[in-house]
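*Asks:* Handing over protein35.txt, compact mmCIF, C-alpha atoms and all ligand atoms.
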# COMPACT_ATOMS: atom_id res chain seq x y z
CA MET A 7 16.19 246.04 -151.66
CA GLN A 8 16.99 247.21 -155.20
CA GLU A 9 14.87 247.48 -158.32
CA ILE A 10 16.68 246.34 -161.48
CA ARG A 11 15.19 247.54 -164.79
CA GLN A 12 16.19 246.49 -168.26
CA ASN A 13 16.56 249.99 -169.63
CA THR A 14 20.22 249.95 -170.56
CA THR A 15 21.33 250.51 -174.14
CA GLY A 16 24.37 248.33 -173.47
CA LEU A 17 27.17 247.99 -170.93
CA ALA A 18 30.18 250.17 -171.68
CA GLY A 19 33.34 251.29 -169.93
CA THR A 20 36.59 250.23 -168.35
CA ILE A 21 36.79 249.20 -164.72
CA ARG A 22 39.26 247.60 -162.37
CA VAL A 23 37.23 245.04 -160.48
CA PRO A 24 37.90 244.63 -156.72
CA SER A 25 41.08 242.87 -155.70
CA ASP A 26 41.29 239.13 -155.38
CA LYS A 27 39.73 237.83 -152.18
CA SER A 28 41.75 234.60 -151.94
CA ILE A 29 45.06 236.42 -152.46
CA SER A 30 44.12 239.14 -149.93
CA HIS A 31 43.40 236.55 -147.20
CA ARG A 32 46.64 234.70 -147.90
CA ALA A 33 48.78 237.86 -147.99
CA LEU A 34 47.47 238.91 -144.56
CA ILE A 35 47.97 235.46 -143.02
CA LEU A 36 51.49 235.00 -144.40
CA ALA A 37 52.26 238.54 -143.20
CA LEU A 38 51.25 237.45 -139.68
CA LEU A 39 53.54 234.41 -139.88
CA ALA A 40 56.44 236.46 -141.27
CA LYS A 41 58.85 238.51 -139.17
CA GLY A 42 59.13 242.16 -140.11
CA THR A 43 56.99 244.40 -142.28
CA THR A 44 54.84 243.22 -145.18
CA THR A 45 53.37 245.77 -147.54
CA ILE A 46 50.17 244.66 -149.26
CA ASN A 47 49.16 246.87 -152.18
CA HIS A 48 45.46 246.89 -153.06
CA ARG A 49 44.07 244.31 -150.67
CA LEU A 50 40.38 243.62 -151.21
CA ILE A 51 38.25 245.94 -149.08
CA SER A 52 35.36 243.66 -148.07
CA ALA A 53 33.73 242.08 -145.04
CA ASP A 54 35.42 238.68 -145.51
CA VAL A 55 38.87 240.25 -145.64
CA THR A 56 38.04 242.41 -142.61
CA ALA A 57 37.43 239.15 -140.70
CA THR A 58 40.96 237.98 -141.52
CA MET A 59 42.51 241.37 -140.83
CA THR A 60 40.83 241.71 -137.45
CA ALA A 61 42.00 238.21 -136.58
CA ILE A 62 45.66 238.81 -137.38
CA GLN A 63 45.51 241.97 -135.26
CA LYS A 64 44.07 239.94 -132.38
CA LEU A 65 46.95 237.52 -132.86
CA GLY A 66 49.51 240.29 -132.40
CA ALA A 67 50.15 241.80 -135.85
CA ASN A 68 50.16 245.57 -136.10
CA VAL A 69 48.23 246.77 -139.17
CA ILE A 70 48.60 250.30 -140.54
CA GLU A 71 46.72 251.52 -143.60
CA ASN A 72 46.46 254.69 -145.62
CA ASP A 73 43.04 256.38 -145.76
CA ASP A 74 41.77 254.60 -148.87
CA HIS A 75 43.13 251.20 -147.76
CA THR A 76 45.27 250.82 -150.90
CA ILE A 77 48.44 250.27 -148.86
CA THR A 78 48.35 247.88 -145.91
CA LYS A 79 51.43 247.52 -143.76
CA VAL A 80 51.50 244.49 -141.47
CA VAL A 81 54.19 244.41 -138.82
CA SER A 82 54.65 241.09 -137.06
CA GLU A 83 57.17 239.26 -134.93
CA GLY A 84 56.40 236.14 -136.90
CA ARG A 85 55.31 232.62 -136.02
CA THR A 86 57.48 232.31 -132.93
CA MET A 87 55.46 235.13 -131.34
CA LEU A 88 52.34 232.99 -131.85
CA ILE A 89 53.88 229.84 -130.43
CA ASN A 90 54.92 231.72 -127.29
CA LYS A 91 51.47 233.29 -126.79
CA SER A 92 49.65 233.04 -123.46
CA GLN A 93 47.26 230.20 -122.71
CA ALA A 94 44.12 232.36 -122.34
CA LEU A 95 41.33 231.45 -124.76
CA VAL A 96 41.05 233.86 -127.71
CA ALA A 97 37.56 234.33 -129.21
CA PHE A 98 37.07 234.96 -132.94
CA ASP A 99 33.89 235.79 -134.87
CA PHE A 100 34.57 235.16 -138.54
CA ALA A 101 31.10 236.34 -139.69
CA ASN A 102 30.41 234.89 -143.19
CA SER A 103 33.99 233.97 -144.13
CA GLY A 104 34.69 230.29 -144.79
CA THR A 105 38.20 231.08 -146.03
CA THR A 106 39.12 232.94 -142.83
CA THR A 107 37.73 230.08 -140.75
CA ARG A 108 39.40 227.19 -142.49
CA LEU A 109 42.77 228.86 -143.10
CA LEU A 110 43.07 230.29 -139.59
CA THR A 111 41.95 227.02 -137.98
CA GLY A 112 45.11 225.61 -139.57
CA VAL A 113 47.25 228.44 -138.21
CA LEU A 114 45.73 228.19 -134.72
CA ALA A 115 46.10 224.41 -134.58
CA GLY A 116 49.72 224.91 -135.66
CA THR A 117 50.55 227.35 -132.87
CA GLY A 118 48.63 225.95 -129.94
CA ILE A 119 46.77 229.16 -129.21
CA LYS A 120 43.54 228.19 -127.44
CA ALA A 121 40.74 229.61 -129.54
CA LYS A 122 37.01 229.64 -129.99
CA ILE A 123 35.66 230.33 -133.49
CA THR A 124 32.09 231.44 -134.19
CA GLY A 125 30.39 232.90 -137.26
CA ASP A 126 27.08 233.96 -138.75
CA THR A 127 24.14 231.65 -139.47
CA SER A 128 25.46 230.68 -142.92
CA LEU A 129 29.00 229.94 -141.68
CA SER A 130 27.56 227.96 -138.75
CA THR A 131 25.91 225.51 -141.17
CA ARG A 132 29.05 224.89 -143.24
CA PRO A 133 31.02 221.64 -142.84
CA MET A 134 34.21 221.88 -140.78
CA GLN A 135 35.03 218.19 -140.53
CA ARG A 136 37.20 218.64 -143.61
CA VAL A 137 39.71 220.67 -141.57
CA ILE A 138 39.06 219.13 -138.16
CA LYS A 139 39.86 215.63 -139.42
CA PRO A 140 43.37 216.20 -140.83
CA LEU A 141 44.36 218.52 -137.97
CA THR A 142 43.22 216.05 -135.31
CA THR A 143 44.95 213.22 -137.21
CA PHE A 144 48.12 215.33 -136.77
CA GLY A 145 47.44 215.39 -133.01
CA ALA A 146 45.47 218.61 -132.47
CA GLN A 147 42.51 218.53 -130.10
CA ILE A 148 39.52 220.39 -131.53
CA ASP A 149 35.94 220.41 -130.21
CA SER A 150 33.02 221.30 -132.44
CA ASN A 151 29.25 221.27 -132.60
CA ASN A 152 29.00 218.03 -134.55
CA ASN A 153 31.65 219.21 -137.04
CA HIS A 154 30.15 222.69 -137.27
CA LEU A 155 30.92 225.97 -135.52
CA PRO A 156 31.65 226.85 -132.82
CA LEU A 157 35.09 225.27 -132.97
CA ILE A 158 37.30 225.19 -129.91
CA ILE A 159 40.95 224.58 -130.62
CA ASN A 160 42.40 223.17 -127.42
CA THR A 161 45.82 221.75 -128.16
CA PRO A 162 48.17 221.93 -131.14
CA ILE A 163 49.28 219.38 -133.71
CA THR A 164 52.03 217.05 -132.57
CA ALA A 165 53.01 215.04 -135.69
CA ASP A 166 56.58 215.55 -136.91
CA LYS A 167 55.56 215.75 -140.53
CA LEU A 168 52.17 216.66 -142.04
CA LEU A 169 51.58 214.06 -144.78
CA PHE A 170 48.23 214.66 -146.44
CA GLU A 171 46.35 213.54 -149.51
CA LEU A 172 43.64 216.08 -150.29
CA PRO A 173 40.37 214.09 -150.30
CA LEU A 174 38.26 216.77 -152.02
CA GLY A 175 38.93 219.67 -154.35
CA SER A 176 39.12 222.31 -151.64
CA ALA A 177 41.92 224.88 -151.56
CA GLN A 178 40.71 225.89 -148.11
CA VAL A 179 41.46 222.41 -146.77
CA LYS A 180 44.84 222.29 -148.53
CA ASN A 181 45.71 225.65 -146.98
CA ALA A 182 44.58 224.64 -143.49
CA VAL A 183 47.25 221.91 -143.55
CA LEU A 184 49.89 223.95 -145.34
CA LEU A 185 49.49 226.86 -142.90
CA ALA A 186 49.42 224.51 -139.88
CA GLY A 187 52.81 223.29 -141.09
CA LEU A 188 54.21 226.77 -141.60
CA ALA A 189 52.87 228.02 -138.25
CA SER A 190 54.16 225.04 -136.27
CA GLY A 191 57.45 224.63 -138.10
CA LYS A 192 56.58 221.05 -139.14
CA ALA A 193 57.46 219.73 -142.59
CA VAL A 194 54.52 219.32 -144.99
CA GLU A 195 53.83 217.02 -147.91
CA ILE A 196 50.46 217.42 -149.61
CA SER A 197 49.13 215.67 -152.68
CA ASP A 198 46.52 217.74 -154.55
CA LYS A 199 45.25 215.85 -157.56
CA PHE A 200 42.44 218.41 -157.95
CA LYS A 201 44.86 221.26 -158.76
CA THR A 202 43.09 223.69 -156.44
CA ARG A 203 43.99 227.39 -156.42
CA ASP A 204 47.70 227.82 -155.78
CA HIS A 205 48.05 231.43 -154.60
CA THR A 206 49.83 230.53 -151.32
CA GLU A 207 52.34 228.40 -153.18
CA ARG A 208 53.07 231.24 -155.63
CA MET A 209 53.35 233.85 -152.86
CA LEU A 210 55.49 231.90 -150.40
CA PRO A 211 58.94 232.33 -152.05
CA ALA A 212 58.58 236.15 -151.80
CA PHE A 213 58.32 235.66 -148.00
CA GLY A 214 61.59 233.67 -148.15
CA GLY A 215 59.65 230.38 -147.92
CA GLU A 216 60.91 227.18 -149.48
CA ILE A 217 58.43 225.11 -151.43
CA THR A 218 58.80 222.35 -154.02
CA ILE A 219 56.01 221.45 -156.40
CA ASN A 220 56.23 218.24 -158.35
CA ASP A 221 53.11 217.40 -160.33
CA ASP A 222 50.44 217.02 -157.64
CA ARG A 223 52.91 217.00 -154.73
CA ILE A 224 53.62 220.09 -152.62
CA THR A 225 56.56 219.81 -150.20
CA LEU A 226 57.67 222.28 -147.52
CA PRO A 227 60.65 221.75 -145.23
CA ALA A 228 60.41 222.10 -141.43
CA ASP A 229 61.27 225.20 -139.37
CA GLN A 230 60.73 227.90 -141.95
CA ASN A 231 61.00 231.44 -140.68
CA LEU A 232 59.28 233.74 -143.14
CA VAL A 233 60.26 237.38 -143.55
CA GLY A 234 58.09 240.35 -144.53
CA THR A 235 57.85 241.28 -148.20
CA THR A 236 55.65 243.21 -150.65
CA VAL A 237 52.53 241.67 -152.20
CA ASP A 238 50.56 243.34 -155.01
CA VAL A 239 47.01 242.02 -155.24
CA PRO A 240 45.48 241.80 -158.75
CA GLY A 241 41.76 242.01 -159.59
CA ASP A 242 39.46 239.12 -158.74
CA ILE A 243 38.25 236.95 -161.63
CA SER A 244 35.30 235.91 -159.44
CA ALA A 245 34.17 239.56 -159.45
CA ALA A 246 35.03 240.07 -163.14
CA ALA A 247 32.85 237.03 -163.95
CA PHE A 248 29.63 239.05 -163.47
CA TRP A 249 30.65 241.60 -166.12
CA LEU A 250 32.03 238.95 -168.48
CA VAL A 251 28.59 237.35 -168.59
CA ALA A 252 26.56 240.59 -168.41
CA ALA A 253 28.42 242.20 -171.33
CA SER A 254 28.19 238.97 -173.35
CA LEU A 255 24.41 238.88 -172.91
CA VAL A 256 23.33 242.53 -173.13
CA ASP A 257 23.14 243.96 -176.68
CA ASN A 258 25.61 246.68 -177.74
CA SER A 259 28.06 246.06 -174.90
CA GLU A 260 31.80 246.45 -174.72
CA VAL A 261 33.52 246.38 -171.33
CA THR A 262 37.20 246.23 -170.44
CA LEU A 263 38.21 244.78 -167.09
CA THR A 264 41.78 245.68 -166.15
CA SER A 265 44.38 243.67 -164.17
CA VAL A 266 42.25 240.57 -163.67
CA ASN A 267 44.02 237.59 -162.14
CA VAL A 268 43.99 234.79 -164.75
CA ASN A 269 45.86 232.15 -162.75
CA PRO A 270 44.97 228.84 -164.51
CA THR A 271 43.70 227.36 -161.21
CA ARG A 272 41.07 230.13 -161.19
CA ALA A 273 40.37 230.90 -164.83
CA GLY A 274 38.01 228.06 -165.77
CA ILE A 275 35.24 230.53 -166.60
CA LEU A 276 37.31 231.96 -169.45
CA ALA A 277 37.64 228.54 -171.13
CA VAL A 278 33.92 227.89 -170.59
CA LEU A 279 32.82 231.23 -172.06
CA GLU A 280 35.15 230.76 -175.05
CA ARG A 281 33.68 227.28 -175.66
CA MET A 282 30.24 228.88 -175.56
CA GLY A 283 31.33 231.38 -178.22
CA ALA A 284 31.81 234.51 -176.10
CA ASN A 285 33.72 237.42 -177.61
CA LEU A 286 36.71 237.90 -175.30
CA SER A 287 40.13 239.40 -175.97
CA PHE A 288 43.13 239.57 -173.65
CA LYS A 289 46.19 241.69 -172.98
CA ILE A 290 48.32 239.49 -170.73
CA SER A 291 50.92 240.69 -168.19
CA ALA A 292 51.83 239.68 -164.63
CA ILE A 293 51.63 241.00 -161.08
CA GLY A 294 54.36 239.27 -159.06
CA LYS A 295 53.99 235.55 -159.64
CA GLU A 296 50.35 235.83 -160.69
CA PRO A 297 49.38 236.15 -164.37
CA VAL A 298 46.94 239.00 -165.02
CA ALA A 299 45.11 240.29 -168.07
CA ASP A 300 43.09 243.23 -169.26
CA ILE A 301 40.02 241.46 -170.64
CA THR A 302 37.70 243.06 -173.19
CA VAL A 303 34.30 241.48 -173.59
CA LYS A 304 31.74 242.33 -176.27
CA THR A 305 28.16 241.20 -176.83
CA THR A 306 27.81 237.73 -178.32
CA LYS A 307 24.85 237.12 -180.60
CA HIS A 308 24.74 233.34 -180.12
CA LEU A 309 26.06 231.45 -177.13
CA GLN A 310 26.25 227.64 -177.40
CA ALA A 311 25.53 225.17 -174.60
CA THR A 312 28.50 223.37 -173.06
CA THR A 313 29.44 220.59 -170.64
CA ILE A 314 31.33 221.16 -167.38
CA SER A 315 32.55 218.18 -165.37
CA ALA A 316 34.36 217.49 -162.09
CA GLN A 317 37.88 218.07 -163.37
CA GLU A 318 37.13 221.68 -164.34
CA VAL A 319 35.04 222.54 -161.27
CA PRO A 320 37.77 223.70 -158.81
CA SER A 321 38.91 226.31 -161.37
CA LEU A 322 35.45 227.91 -161.56
CA ILE A 323 33.63 226.85 -158.39
CA ASP A 324 32.61 230.38 -157.36
CA GLU A 325 31.62 231.34 -160.91
CA LEU A 326 29.08 228.54 -161.40
CA PRO A 327 26.00 230.64 -160.47
CA ILE A 328 26.80 233.22 -163.17
CA ILE A 329 27.79 230.46 -165.64
CA VAL A 330 24.34 228.91 -165.09
CA LEU A 331 22.78 232.27 -165.99
CA ALA A 332 24.87 232.38 -169.21
CA ALA A 333 23.71 228.83 -169.99
CA THR A 334 20.03 229.86 -169.78
CA GLN A 335 20.74 232.12 -172.79
CA ALA A 336 22.75 229.53 -174.77
CA THR A 337 21.37 227.28 -177.49
CA GLY A 338 21.16 223.63 -176.40
CA THR A 339 21.47 221.76 -173.13
CA THR A 340 24.28 222.65 -170.74
CA ILE A 341 25.18 219.90 -168.29
CA ILE A 342 27.20 220.64 -165.17
CA THR A 343 28.36 217.71 -163.00
CA GLY A 344 30.87 217.13 -160.20
CA ALA A 345 29.87 220.33 -158.39
CA SER A 346 28.20 219.00 -155.22
CA GLU A 347 30.46 221.39 -153.22
CA LEU A 348 28.09 224.13 -154.35
CA ARG A 349 25.56 222.76 -151.89
CA VAL A 350 27.81 223.74 -148.95
CA LYS A 351 28.92 227.24 -149.97
CA GLU A 352 27.49 230.42 -148.42
CA SER A 353 24.12 228.95 -149.39
CA ASN A 354 22.96 225.79 -151.15
CA ARG A 355 23.80 227.25 -154.53
CA ILE A 356 22.48 224.31 -156.55
CA ASP A 357 18.97 224.59 -155.14
CA LEU A 358 18.80 228.37 -154.79
CA VAL A 359 20.21 229.26 -158.23
CA THR A 360 17.60 226.89 -159.67
CA THR A 361 14.70 228.24 -157.58
CA GLU A 362 15.47 231.90 -158.20
CA LEU A 363 16.17 231.69 -161.95
CA THR A 364 13.12 229.48 -162.45
CA LYS A 365 11.04 232.41 -161.12
CA LEU A 366 12.13 234.30 -164.27
CA GLY A 367 11.21 231.41 -166.57
CA ALA A 368 14.58 229.62 -166.89
CA ASP A 369 14.51 225.87 -167.63
CA ILE A 370 16.91 224.43 -165.03
CA THR A 371 16.92 221.07 -163.30
CA ALA A 372 18.95 220.82 -160.11
CA THR A 373 20.81 217.50 -159.79
CA THR A 374 22.71 216.13 -156.79
CA ASP A 375 25.99 217.49 -158.13
CA GLY A 376 25.08 220.14 -160.67
CA PHE A 377 22.54 221.39 -163.17
CA ILE A 378 20.86 220.61 -166.47
CA ILE A 379 20.02 223.88 -168.22
CA LYS A 380 18.00 224.07 -171.42
CA GLY A 381 18.30 227.23 -173.47
CA PRO A 382 17.79 229.72 -174.69
CA THR A 383 14.87 230.87 -172.57
CA LYS A 384 13.72 234.48 -172.53
CA LEU A 385 13.94 235.54 -168.92
CA GLN A 386 10.65 237.33 -169.01
CA VAL A 387 7.86 237.58 -166.51
CA ASN A 388 4.70 239.59 -166.94
CA GLU A 389 4.18 240.28 -163.25
CA PRO A 390 6.83 242.17 -161.24
CA VAL A 391 8.94 239.57 -159.45
CA THR A 392 11.07 239.63 -156.33
CA LEU A 393 14.29 237.62 -156.39
CA ASN A 394 16.11 236.71 -153.22
CA GLY A 395 19.84 236.32 -152.75
CA HIS A 396 19.27 234.42 -149.49
CA GLY A 397 22.16 236.24 -147.82
CA ASP A 398 24.64 234.84 -150.38
CA HIS A 399 26.76 237.52 -152.07
CA ARG A 400 27.43 235.58 -155.27
CA LEU A 401 23.78 234.58 -155.64
CA THR A 402 22.71 238.22 -155.15
CA MET A 403 25.12 239.53 -157.78
CA MET A 404 24.15 236.83 -160.29
CA LEU A 405 20.46 237.71 -159.77
CA ALA A 406 21.21 241.40 -160.34
CA ILE A 407 22.67 240.46 -163.75
CA ALA A 408 19.64 238.22 -164.41
CA GLY A 409 17.44 241.24 -163.59
CA LEU A 410 19.39 243.28 -166.11
CA ILE A 411 18.73 240.91 -169.02
CA ASN A 412 15.13 240.19 -167.97
CA LYS A 413 12.46 242.09 -169.87
CA GLY A 414 10.20 242.82 -166.88
CA VAL A 415 10.59 244.53 -163.54
CA VAL A 416 12.68 242.70 -160.98
CA THR A 417 13.13 243.61 -157.37
CA LEU A 418 16.11 242.14 -155.60
CA ALA A 419 15.71 241.56 -151.87
CA ASP A 420 18.57 241.34 -149.42
CA THR A 421 21.36 243.09 -151.34
CA ASP A 422 23.65 244.28 -148.51
CA ASN A 423 25.46 240.95 -148.54
CA VAL A 424 27.48 241.99 -151.64
CA ALA A 425 29.77 243.64 -149.02
CA VAL A 426 31.22 240.18 -148.36
CA SER A 427 33.27 240.25 -151.57
CA TYR A 428 32.23 243.23 -153.75
CA PRO A 429 30.95 246.23 -151.76
CA THR A 430 30.97 248.50 -154.86
CA PHE A 431 29.02 246.05 -157.06
CA PHE A 432 25.90 248.22 -157.49
CA GLN A 433 28.02 251.33 -158.09
CA ASP A 434 29.87 249.46 -160.88
CA LEU A 435 26.53 248.23 -162.24
CA ARG A 436 25.28 251.82 -162.49
CA ARG A 437 28.56 253.00 -164.01
CA LEU A 438 28.65 250.32 -166.70
CA THR A 439 24.97 250.68 -167.60
CA LYS A 440 25.22 254.50 -167.74
C1 LIG A 501 38.71 229.72 -151.55
C2 LIG A 501 38.50 228.46 -152.01
C3 LIG A 501 37.20 227.97 -152.48
C4 LIG A 501 36.25 229.11 -152.82
C5 LIG A 501 36.26 230.18 -151.78
C6 LIG A 501 37.65 230.74 -151.58
C7 LIG A 501 40.06 230.07 -151.06
O1 LIG A 501 36.63 227.16 -151.49
O2 LIG A 501 34.94 228.61 -153.02
O3 LIG A 501 35.39 231.23 -152.16
O4 LIG A 501 40.39 231.27 -150.98
O5 LIG A 501 40.81 229.15 -150.75
P1 LIG A 501 37.01 225.59 -151.40
O6 LIG A 501 38.47 225.55 -151.53
O7 LIG A 501 36.55 225.08 -150.08
O8 LIG A 501 36.29 224.98 -152.56
Written as structure tokens, that's how I'd like the structure from this file.
Ligand code: S3P
*Replies:*
Amino acid sequence: MQEIRQNTTGLAGTIRVPSDKSISHRALILALLAKGTTTINHRLISADVTATMTAIQKLGANVIENDDHTITKVVSEGRTMLINKSQALVAFDFANSGTTTRLLTGVLAGTGIKAKITGDTSLSTRPMQRVIKPLTTFGAQIDSNNNHLPLIINTPITADKLLFELPLGSAQVKNAVLLAGLASGKAVEISDKFKTRDHTERMLPAFGGEITINDDRITLPADQNLVGTTVDVPGDISAAAFWLVAASLVDNSEVTLTSVNVNPTRAGILAVLERMGANLSFKISAIGKEPVADITVKTTKHLQATTISAQEVPSLIDELPIIVLAATQATGTTIITGASELRVKESNRIDLVTTELTKLGADITATTDGFIIKGPTKLQVNEPVTLNGHGDHRLTMMLAIAGLINKGVVTLADTDNVAVSYPTFFQDLRRLTK
């Protein structure tokens, strides 16, 4: 429970936001599949990444970290160690982490390790058919509770080649197949017309992996034996998003966010905020194969409404809750379509973003696949109001920013869940608001 008061004279300061969650998961999983030592610099320290790290340890990787977790060394015998593992059932609890679940289901179905996967209440309601279907088409035998957790992976994939056309814009599904191929040593050919996040593809060559990308088509040869390498993890644009919007909306603000990953498959929010008239400037560099930028954001007097449709959604899927908040302060009607996936994230983000922001006076209509937001509306209530993140980390952090720009007193219930992706969120909030 936290009380958020609008008593800041503006957000100011320079911070490095937490490291990228997607890249941290992938670095740990590829380190498990690789033979030798992988050094991961600046992995994200968060509950979701702990789920993946605990899992790779259970699967035989040795993980050694320095005290502040900035250097993670993963020592593994590689994928052959997994294929030769004993037949006893291994139990995993992946807590809240959809990425851990879907990516490691691919790995497990590739190796033939018998496994049972459970998770928390939120994860247990999320759809798993999207990974069960391709993996069973490739010959794996997977039991589930009507396509939900618990999953039991009984036998591995048998197909010689994993040919797959991605049916929805989900990087998690793409990676389940890609990692099943790498773990099993089968060749892979995936068509991804949605251009979902491509961190695995960018990281793989450093592990000695061979990958060809031709327009939408991703091809991997059979029998790849990866070797340990070094991965540097940049800052997470999904975490930076909260400050990009907060500093745009709060008067007298200027915030610099350093080393933010601006991979085009992730950076949709930057294009959206620029269309809306936000005041952003960039100093671009690179960390490994990932483009990064120091981003400076200053208050914007007038934001304009915009339109976001299906094609842009995969590049900003996790940022939509905070984009909706920005839209409540923009002049005109913002229309967001093609985002029905938001209904099956850590919570039903279409309904809950609408319900919670409406409590503050926002004019939002939830649609089947998005939102219609009319602005600007003063987020102002006369009575103290309690907002609820419903156990969803991104909803909680968006509501904290809404509380900051609201003119009344807002209490935020259920805030511990920020630990899933951004454990230091409230510390950074205090630091930037002085
Ligand atoms: C992720 C992909 C996205 C995103 C999630 C992380 C990943 O999910 O929402 O937070 O690391 O691959 P989908 O690919 O299922 O949309």
*Asks:* Can you check which parts of chain A lie within 6 Å of ligand LIG 501 (chain A)? Per residue, the shortest pair of atoms and distance in Å to one decimal, counting only C-alpha atoms and all ligand atoms, sorted by chain and number, as JSON lines.
*Replies:*
{"residue": "A:Ser28", "atom": "CA", "partner": "A:LIG501", "partner_atom": "O4", "distance": 3.7}
{"residue": "A:Thr105", "atom": "CA", "partner": "A:LIG501", "partner_atom": "O4", "distance": 5.4}
{"residue": "A:Ser176", "atom": "CA", "partner": "A:LIG501", "partner_atom": "O6", "distance": 3.3}
{"residue": "A:Ala177", "atom": "CA", "partner": "A:LIG501", "partner_atom": "O6", "distance": 3.5}
{"residue": "A:Gln178", "atom": "CA", "partner": "A:LIG501", "partner_atom": "O6", "distance": 4.1}
{"residue": "A:Ile323", "atom": "CA", "partner": "A:LIG501", "partner_atom": "O2", "distance": 5.8}
{"residue": "A:Asp324", "atom": "CA", "partner": "A:LIG501", "partner_atom": "O2", "distance": 5.2}
*Asks:* Could you dump the residues just selected with C-alpha atoms as a PDB file, in the coordinates of the input?
*Replies:*
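result-v2.pdb, written as the output of this step:
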ATOM      1  CA  SER A  28      41.750 234.600-151.940  1.00  0.00           C
ATOM      2  CA  THR A 105      38.200 231.080-146.030  1.00  0.00           C
ATOM      3  CA  SER A 176      39.120 222.310-151.640  1.00  0.00           C
ATOM      4  CA  ALA A 177      41.920 224.880-151.560  1.00  0.00           C
ATOM      5  CA  GLN A 178      40.710 225.890-148.110  1.00  0.00           C
ATOM      6  CA  ILE A 323      33.630 226.850-158.390  1.00  0.00           C
ATOM      7  CA  ASP A 324      32.610 230.380-157.360  1.00  0.00           C
TER       8      ASP A 324
END
*Asks:* Quote the spacing between atom CA of Ile293 of chain A and atom CA of Asp198 of chain A in Å to one decimal place.
*Replies:*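 Result for atom CA of Ile293 of chain A versus atom CA of Asp198 of chain A: 24.7 Å, one decimal.
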*Asks:* Using all atoms listed in the file, which of A:Thr334, A:Ser265, A:Thr421, A:Thr14 sits nearest His399 of chain A?
*Replies:*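 The closest residue to His399 of chain A is A:Thr421.
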*Asks:* Counting all atoms listed in the file, which of A:Leu418, A:Ile138, A:Met404, A:Val268 gets nearest to Arg203 of chain A?
*Replies:*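 So, comparing all the options, the nearest one is A:Val268.
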*Asks:* Which residue out of A:Ala406, A:Ile51, A:Leu250, A:Ile341 has the minimum interatomic distance to Ser287 of chain A when only C-alpha atoms are used?
*Replies:* A:Leu250
*Asks:* Step by step: start from the point (12.9, 231.5, -172.7) in the file's coordinates, keep every protein, DNA or RNA residue that has an atom no farther than 9 Å from it, count only C-alpha atoms, and write the set as a list in words.
*Replies:*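 Within 9 Å of (12.9, 231.5, -172.7), the protein and nucleic acid residues are Thr334, Gln335, Leu366, Gly367, Ala368, Asp369, Gly381, Pro382, Thr383, Lys384, Leu385 and Gln386 of chain A.
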*Asks:* What does the distance between atom CA of Pro173 of chain A and atom CA of Ala372 of chain A come to in Å, to one decimal place?
*Replies:*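 Separation of atom CA of Pro173 of chain A and atom CA of Ala372 of chain A: 24.5 Å.
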*Asks:* Could you check which of A:Val298, A:Leu255, A:Met134, A:Ala186 is closest to Asn153 of chain A, using only C-alpha atoms?
*Replies:*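 When distances to Asn153 of chain A are compared using only C-alpha atoms, the smallest one comes from A:Met134.
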*Asks:* I'd like the interatomic distance between atom CA of Gly125 of chain A and atom CA of Val319 of chain A, to a tenth of an Å.
*Replies:*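 So the two atoms, atom CA of Gly125 of chain A and atom CA of Val319 of chain A, lie 26.6 Å apart.
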*Asks:* Counting only C-alpha atoms, which residue out of A:Ser130, A:Thr305, A:Thr58, A:Asn220 sits closest to Lys201 of chain A?
*Replies:*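 Of A:Ser130, A:Thr305, A:Thr58, A:Asn220, the one nearest Lys201 of chain A is A:Asn220, counting only C-alpha atoms.
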*Asks:* Considering only C-alpha atoms, return as a JSON list (two decimals) with C-alpha atoms, keeping the file's coordinate frame whatever protein or nucleic-acid residues lie within 9 Å of Leu129 of chain A, sequence-local ones (same chain, fewer than 6 positions apart) excluded.
*Replies:*
[["chain", "number", "residue", "atom", "x", "y", "z"],
["A", 100, "PHE", "CA", 34.57, 235.16, -138.54],
["A", 101, "ALA", "CA", 31.10, 236.34, -139.69],
["A", 102, "ASN", "CA", 30.41, 234.89, -143.19],
["A", 103, "SER", "CA", 33.99, 233.97, -144.13],
["A", 104, "GLY", "CA", 34.69, 230.29, -144.79],
["A", 107, "THR", "CA", 37.73, 230.08, -140.75],
["A", 154, "HIS", "CA", 30.15, 222.69, -137.27],
["A", 155, "LEU", "CA", 30.92, 225.97, -135.52],
["A", 351, "LYS", "CA", 28.92, 227.24, -149.97],
["A", 352, "GLU", "CA", 27.49, 230.42, -148.42]]
*Asks:* Up to 7 Å from (50.7, 243.3, -150.9) in the file's coordinates: name the residues, counting all atoms listed in the file, as a list in words.
*Replies:* Ala33, Thr45, Ile46, Asn47, His48, Arg49, Thr236, Val237, Asp238 and Val239 of chain A
*Asks:* Under the rule that all atoms listed in the file are counted, which of A:Ala146, A:Met7, A:Ala252, A:Val23 is the nearest residue to Ser427 of chain A?
*Replies:*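 For Ser427 of chain A, the nearest of the given residues is A:Val23.
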*Asks:* Find the spatial neighbours of Lys41 of chain A, counting all atoms listed in the file, within a cut-off of 7 Å - ignore same-chain residues fewer than 5 positions away - and output them as a list of chain:residue names.
*Replies:*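 Within the cut-off, the hits are A:Ser82, A:Glu83, A:Gly84, A:Leu232, A:Val233, A:Gly234.
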*Asks:* Since we have the selection now, will you write its residues out, keeping C-alpha atoms, as a compact mmCIF listing (two decimals), keeping the file's coordinate frame?
*Replies:*
# COMPACT_ATOMS: atom_id res chain seq x y z
CA SER A 82 54.65 241.09 -137.06
CA GLU A 83 57.17 239.26 -134.93
CA GLY A 84 56.40 236.14 -136.90
CA LEU A 232 59.28 233.74 -143.14
CA VAL A 233 60.26 237.38 -143.55
CA GLY A 234 58.09 240.35 -144.53
